[in-house]
Amino acid sequence: MSHLMNTYQRIPIAFVRGEGVWLWDESGRKYLDALAGIAVNTLGHGHPRLTRVIAEQSQRLIHASNLYRIAEQERLADKLAAISGMDGVFFCNSGCEANEAAIKLARLHGHGKSVDNPAIVVMDKAFHGRTLATLSATGNRKVQAGFEPLVGGFVRVPFNDIESVRQVAAHDANVVAVLVEPIQGEGGINISSLEYLRNLREICDQRGWLLMVDEVQCGLGRTGQWFVYQHAGIQPDVMLLAKGLASGVPIGACLARGAAAEVFKPGMHGSTFGGNPLACAAALATLAVIEEDGLLQNAERVGALLLAGLREGLGGTPGVREIRGHGLMIGVELDRACNDLVGLALEAGLLINVTMDKVIRLLPPLVMNESEARQVIAILVPLVRGFLAQAPAAIAARA
Ligand code: PLP
């Protein structure tokens with residue numbers, strides 16, 4: 001009997017080693033990783049510079065506490081500020097913690113404006129984490145069910161629909177912030193229009209709301225810019241990062257700008273492990289490799305190749321609803337549930353994911369090269385075609 005709590009429906013494969021975009025299981029079988037631990041392994045597996053930095057830092061110092069200055073944390077905050085245009089950074093250990101920090105920051109901002117019951121506009125199909133506040137902000141009943149009473153103070157609107165935000169602005173004086181994933185990841189690779197992001201910025205400016213972008217999954221180079229909001233030419237007030245920031249070492253960050261960066265005062269928020277020297281050294285190495293190896297350009301180029309290859313191979317196929325993506329964040333939406341494709345792809349030596357039951361999701365490491373991307377296409381296209389040809393009508397009817 002396993003002593004692990006039953007929180008995951010695990011696939012019975014254990015990976016023991018990785019190199020670049022390749023993983024090996026216990027039996028020595030090799031797999032192509034087009035998922036990167038769900039957008040975590042930015043530099044792939046076993047990156048020599050990252051492993052060297054982690055080894056050296058762990059020998060020098062792993063943890064001392066935020067009671068003291070942490071040089072690596074200060075350097076990482078400087079670097080993040082430089083690439084994002086933000087002013088202040090709070091470090092934590094995960095995406096949900098980064099979102100929690102933002103929710104607390106927004107409430108403080110609201111109270112600072114004498115709003116007694118501050119509320120945050122959130123989106124349908126959003127995913128912000130599994131703590132009580134972040135699952136309440138999440139727009140998916142499956143994530144919330146059983147955990148009621150939910151945390152209040154969220155006003156939900158349809159994603160990518162600026163009119164509904166304008167309606168809220170006109171009628172709800174309690175709103176103090178908007179929280180949005182510029183590209184929804186768990187929600188099915190839903191890409192907000194750049195115009196929508198610019199309009200959100202405008203509404204926030206008019207109302208004195210904070211524009212808070214959750215770039216935990218879509219940020220950090222995946223779309224060819226460091227952050228998705230940079231494609232829109234806007235600057236948020238708050239941004240959340242985690243997942244790929246240290247290429248696999250747990251870290252999260254809540255970045256803020258201007259007055260929002262001054263909201264937290266000593267004692268208001270904290271995290272024992274947040275911004276420890278080990279995680280910060282790994283993040284600094286990750287950012288340095290992204291920069292020095294041109295991984296932003298690589299993400300754009302290889303992502304475009306993947307998208308074009310999938311469109312060529314699957315576009316127009318009955319059962320394929322839409323193939324969408326930006327850089328190395330790609331979704332193929334089918335007209336039926338396709339969770340079985342994860343196992344079929346594994347049998348074919350490829351790691352993918354399916355989200356919202358019908359969307360095949362690819363989030364490869366940023367180090368994937370063109371030849372590896374062609375191998376992804378060569379495996380995935382016939383697999384999806386075969387699945388659609390054979391999937392029984394019953395599956396389609398159920399979906
Ligand atoms: N925000 C987004 C956009 C995410 O995709 C996720 C995780 O998938 C989270 C927040 C939560 O991150 P974590 O699982 O590190 O708490």
# chains A, B, ... in the order shown; residues from 1 in each chain; ligands from 1
call {"tool": "closest_atom_pairs", "arguments": {"of": "chain A", "to": "ligand 1", "cutoff": "7 Å", "atoms": "only C-alpha atoms and all ligand atoms", "output": "tab-separated table"}}
result
residue	atom	partner	partner_atom_place_in_ligand_line	distance
A:Ser94	CA	ligand 1	15 (O)	3.8
A:Gly95	CA	ligand 1	12 (O)	3.2
A:Cys96	CA	ligand 1	16 (O)	3.6
A:Glu97	CA	ligand 1	16 (O)	6.3
A:Asn99	CA	ligand 1	10 (C)	6.7
A:Phe127	CA	ligand 1	2 (C)	5.3
A:His128	CA	ligand 1	10 (C)	3.8
A:Gly129	CA	ligand 1	11 (C)	3.8
A:Arg130	CA	ligand 1	16 (O)	6.6
A:Glu181	CA	ligand 1	3 (C)	5.9
A:Gln184	CA	ligand 1	3 (C)	6.5
A:Gly185	CA	ligand 1	5 (O)	5.5
A:Glu186	CA	ligand 1	5 (O)	5.8
A:Asp214	CA	ligand 1	3 (C)	5.5
A:Glu215	CA	ligand 1	3 (C)	5.9
A:Val216	CA	ligand 1	3 (C)	4.7
A:Gln217	CA	ligand 1	5 (O)	4.6
A:Ala242	CA	ligand 1	15 (O)	6.1
A:Lys243	CA	ligand 1	15 (O)	5.9
call {"tool": "select_by_dssp", "arguments": {"residues": "stretch 19-84 of chain A", "states": "helix (DSSP H, G or I)", "output": "compact mmCIF listing (two decimals) with C-alpha atoms, in the first residue's frame"}}
result
# COMPACT_ATOMS: atom_id res chain seq x y z
CA ALA A 36 8.68 20.52 -19.27
CA GLY A 37 7.04 19.53 -15.99
CA ILE A 38 4.11 21.79 -16.96
CA ALA A 39 6.19 24.82 -18.00
CA PRO A 48 25.28 21.81 -17.16
CA ARG A 49 25.39 25.47 -16.09
CA LEU A 50 22.29 25.16 -13.90
CA THR A 51 23.46 21.96 -12.20
CA ARG A 52 26.91 23.48 -11.58
CA VAL A 53 25.41 26.64 -10.04
CA ILE A 54 23.07 24.57 -7.85
CA ALA A 55 25.93 22.34 -6.69
CA GLU A 56 28.22 25.28 -5.92
CA GLN A 57 25.52 27.28 -4.14
CA SER A 58 24.44 24.28 -2.06
CA GLN A 59 28.01 23.84 -0.91
CA ARG A 60 28.26 27.54 0.04
CA ALA A 71 22.75 38.71 -1.64
CA GLU A 72 21.43 36.25 -4.28
CA GLN A 73 17.85 37.44 -3.60
CA GLU A 74 18.86 41.08 -4.03
CA ARG A 75 20.65 40.29 -7.30
CA LEU A 76 17.66 38.32 -8.60
CA ALA A 77 15.26 41.16 -7.69
CA ASP A 78 17.51 43.60 -9.60
CA LYS A 79 17.58 41.32 -12.64
CA LEU A 80 13.82 40.73 -12.62
CA ALA A 81 13.19 44.47 -12.25
CA ALA A 82 15.47 45.15 -15.22
CA ILE A 83 13.74 42.71 -17.58
CA SER A 84 10.18 43.44 -16.44
call {"tool": "residues_around", "arguments": {"residues": "stretch 329-342 of chain A", "least_positions_apart": "5", "cutoff": "7 Å", "atoms": "only C-alpha atoms", "output": "list in words"}}
result
Gly188, Ile189, Arg222, Thr223, Gly319, Val320, Arg321, Glu322, Ile323, Arg324, Ile352, Asn353, Val354, Asp357, Lys358, Val359, Ile360, Arg361, Leu362, Leu363, Ile395, Ala396 and Ala399 of chain A
call {"tool": "write_last_selection", "arguments": {"atoms": "C-alpha atoms", "output": "PDB file, in the first residue's frame"}}
result
ATOM      1  CA  GLY A 188      -7.032  25.499 -22.331  1.00  0.00           C
ATOM      2  CA  ILE A 189      -4.377  27.794 -23.891  1.00  0.00           C
ATOM      3  CA  ARG A 222       7.882  31.149 -23.469  1.00  0.00           C
ATOM      4  CA  THR A 223       6.215  33.466 -26.003  1.00  0.00           C
ATOM      5  CA  GLY A 319     -12.573  16.514 -34.877  1.00  0.00           C
ATOM      6  CA  VAL A 320      -9.905  19.223 -34.639  1.00  0.00           C
ATOM      7  CA  ARG A 321     -11.581  22.439 -33.526  1.00  0.00           C
ATOM      8  CA  GLU A 322      -8.658  24.839 -33.277  1.00  0.00           C
ATOM      9  CA  ILE A 323      -4.879  24.873 -33.173  1.00  0.00           C
ATOM     10  CA  ARG A 324      -3.659  27.926 -31.284  1.00  0.00           C
ATOM     11  CA  ILE A 352       2.241  15.897 -23.627  1.00  0.00           C
ATOM     12  CA  ASN A 353      -0.691  16.947 -21.490  1.00  0.00           C
ATOM     13  CA  VAL A 354      -4.433  17.353 -21.951  1.00  0.00           C
ATOM     14  CA  ASP A 357     -10.485  17.361 -21.259  1.00  0.00           C
ATOM     15  CA  LYS A 358     -10.324  18.422 -24.899  1.00  0.00           C
ATOM     16  CA  VAL A 359      -7.189  20.520 -25.304  1.00  0.00           C
ATOM     17  CA  ILE A 360      -3.839  18.887 -26.060  1.00  0.00           C
ATOM     18  CA  ARG A 361      -1.254  21.116 -24.406  1.00  0.00           C
ATOM     19  CA  LEU A 362       2.397  21.510 -25.362  1.00  0.00           C
ATOM     20  CA  LEU A 363       4.795  23.490 -23.144  1.00  0.00           C
ATOM     21  CA  ILE A 395     -16.657   9.257 -26.486  1.00  0.00           C
ATOM     22  CA  ALA A 396     -17.800  12.038 -28.768  1.00  0.00           C
ATOM     23  CA  ALA A 399     -17.924  15.020 -24.463  1.00  0.00           C
TER      24      ALA A 399
END
call {"tool": "select_by_dssp", "arguments": {"residues": "stretch 102-286 of chain A", "states": "strand (DSSP E or B)", "output": "MDAnalysis selection string"}}
result
chainID A and resid 119:123 154:157 175:180 183:184 190:191 210:214 238:241 252:256
call {"tool": "closest_residue", "arguments": {"among": "A:Arg207, A:Lys142, A:His47, A:Lys113", "to": "A:Ala282", "atoms": "only C-alpha atoms"}}
result
A:His47
call {"tool": "residues_around", "arguments": {"residues": "stretch 299-309 of chain A", "least_positions_apart": "3", "cutoff": "8 Å", "atoms": "only C-alpha atoms", "output": "list in words"}}
result
Gly221, Arg222, Thr223, Gly224, Leu295, Leu296, Glu312, Gly313, Ile323, Arg324, Gly325, His326, Gly327, Leu328, Met329, Ile330, Leu366, Val367, Met368, Asn369, Glu370, Ala373, Arg374, Val376 and Ile377 of chain A
call {"tool": "decode", "arguments": {"residues": "stretch 26-57 of chain A", "atoms": "N, CA, C and O atoms", "output": "short mmCIF file (atom, residue, chain, number, x, y, z; two decimals), in the first residue's frame"}}
result
data_model
loop_
_atom_site.label_atom_id
_atom_site.label_comp_id
_atom_site.auth_asym_id
_atom_site.auth_seq_id
_atom_site.Cartn_x
_atom_site.Cartn_y
_atom_site.Cartn_z
N GLU A 26 12.70 4.23 -15.58
CA GLU A 26 13.44 3.21 -14.81
C GLU A 26 13.93 2.06 -15.69
O GLU A 26 14.95 1.44 -15.41
N SER A 27 13.19 1.79 -16.75
CA SER A 27 13.58 0.65 -17.59
C SER A 27 14.56 1.07 -18.69
O SER A 27 14.92 0.27 -19.55
N GLY A 28 14.95 2.35 -18.68
CA GLY A 28 15.92 2.82 -19.66
C GLY A 28 15.28 3.35 -20.93
O GLY A 28 15.97 3.73 -21.88
N ARG A 29 13.95 3.39 -20.96
CA ARG A 29 13.26 3.90 -22.15
C ARG A 29 13.36 5.43 -22.24
O ARG A 29 13.28 6.12 -21.22
N LYS A 30 13.52 5.92 -23.46
CA LYS A 30 13.75 7.35 -23.69
C LYS A 30 12.48 8.04 -24.19
O LYS A 30 11.75 7.47 -25.01
N TYR A 31 12.22 9.25 -23.68
CA TYR A 31 11.02 10.00 -24.06
C TYR A 31 11.39 11.43 -24.45
O TYR A 31 12.30 12.02 -23.86
N LEU A 32 10.63 11.98 -25.38
CA LEU A 32 10.79 13.38 -25.79
C LEU A 32 9.83 14.22 -24.94
O LEU A 32 8.62 13.97 -24.94
N ASP A 33 10.37 15.22 -24.25
CA ASP A 33 9.58 15.98 -23.29
C ASP A 33 9.04 17.26 -23.92
O ASP A 33 9.77 18.24 -24.09
N ALA A 34 7.76 17.26 -24.26
CA ALA A 34 7.12 18.47 -24.82
C ALA A 34 6.24 19.14 -23.77
O ALA A 34 5.31 19.87 -24.10
N LEU A 35 6.53 18.89 -22.50
CA LEU A 35 5.70 19.44 -21.42
C LEU A 35 6.50 20.20 -20.37
O LEU A 35 5.98 21.11 -19.72
N ALA A 36 7.78 19.82 -20.20
CA ALA A 36 8.68 20.52 -19.27
C ALA A 36 8.12 20.61 -17.85
O ALA A 36 8.19 21.67 -17.21
N GLY A 37 7.56 19.51 -17.37
CA GLY A 37 7.04 19.53 -15.99
C GLY A 37 5.95 20.57 -15.82
O GLY A 37 5.84 21.19 -14.76
N ILE A 38 5.14 20.75 -16.86
CA ILE A 38 4.11 21.79 -16.96
C ILE A 38 4.76 23.19 -16.85
O ILE A 38 4.57 23.92 -15.89
N ALA A 39 5.56 23.48 -17.84
CA ALA A 39 6.19 24.82 -18.00
C ALA A 39 7.18 25.15 -16.90
O ALA A 39 7.34 26.31 -16.53
N VAL A 40 7.86 24.15 -16.39
CA VAL A 40 8.81 24.38 -15.30
C VAL A 40 10.27 24.28 -15.75
O VAL A 40 11.08 25.15 -15.44
N ASN A 41 10.59 23.20 -16.49
CA ASN A 41 11.99 22.96 -16.84
C ASN A 41 12.41 23.83 -18.03
O ASN A 41 12.64 23.35 -19.14
N THR A 42 12.54 25.12 -17.76
CA THR A 42 12.87 26.10 -18.80
C THR A 42 14.09 25.67 -19.61
O THR A 42 14.09 25.74 -20.84
N LEU A 43 15.14 25.24 -18.90
CA LEU A 43 16.39 24.88 -19.58
C LEU A 43 16.46 23.39 -19.87
O LEU A 43 17.54 22.84 -20.09
N GLY A 44 15.33 22.72 -19.85
CA GLY A 44 15.33 21.27 -20.06
C GLY A 44 15.88 20.57 -18.83
O GLY A 44 15.82 21.11 -17.72
N HIS A 45 16.41 19.39 -19.04
CA HIS A 45 16.89 18.57 -17.92
C HIS A 45 18.41 18.53 -17.90
O HIS A 45 19.05 18.46 -18.95
N GLY A 46 18.96 18.55 -16.70
CA GLY A 46 20.41 18.37 -16.52
C GLY A 46 21.24 19.43 -17.21
O GLY A 46 22.35 19.15 -17.67
N HIS A 47 20.74 20.67 -17.28
CA HIS A 47 21.52 21.71 -17.95
C HIS A 47 22.84 21.93 -17.19
O HIS A 47 22.83 22.21 -15.99
N PRO A 48 23.99 21.81 -17.89
CA PRO A 48 25.28 21.81 -17.16
C PRO A 48 25.53 23.07 -16.33
O PRO A 48 26.03 22.98 -15.22
N ARG A 49 25.14 24.24 -16.87
CA ARG A 49 25.39 25.47 -16.09
C ARG A 49 24.49 25.52 -14.85
O ARG A 49 24.94 25.88 -13.76
N LEU A 50 23.22 25.13 -15.04
CA LEU A 50 22.29 25.16 -13.90
C LEU A 50 22.72 24.17 -12.82
O LEU A 50 22.74 24.51 -11.63
N THR A 51 23.09 22.97 -13.21
CA THR A 51 23.46 21.96 -12.20
C THR A 51 24.75 22.38 -11.49
O THR A 51 24.90 22.16 -10.29
N ARG A 52 25.67 23.01 -12.23
CA ARG A 52 26.91 23.48 -11.58
C ARG A 52 26.61 24.58 -10.56
O ARG A 52 27.07 24.53 -9.42
N VAL A 53 25.76 25.54 -10.95
CA VAL A 53 25.41 26.64 -10.04
C VAL A 53 24.71 26.09 -8.79
O VAL A 53 25.00 26.50 -7.66
N ILE A 54 23.79 25.14 -9.00
CA ILE A 54 23.07 24.57 -7.85
C ILE A 54 24.04 23.85 -6.92
O ILE A 54 23.99 24.00 -5.69
N ALA A 55 24.96 23.09 -7.51
CA ALA A 55 25.93 22.34 -6.69
C ALA A 55 26.81 23.31 -5.91
O ALA A 55 27.00 23.16 -4.68
N GLU A 56 27.32 24.33 -6.59
CA GLU A 56 28.22 25.28 -5.92
C GLU A 56 27.50 26.05 -4.82
O GLU A 56 28.01 26.23 -3.72
N GLN A 57 26.27 26.50 -5.15
CA GLN A 57 25.52 27.28 -4.14
C GLN A 57 25.17 26.41 -2.93
O GLN A 57 25.23 26.87 -1.79
#
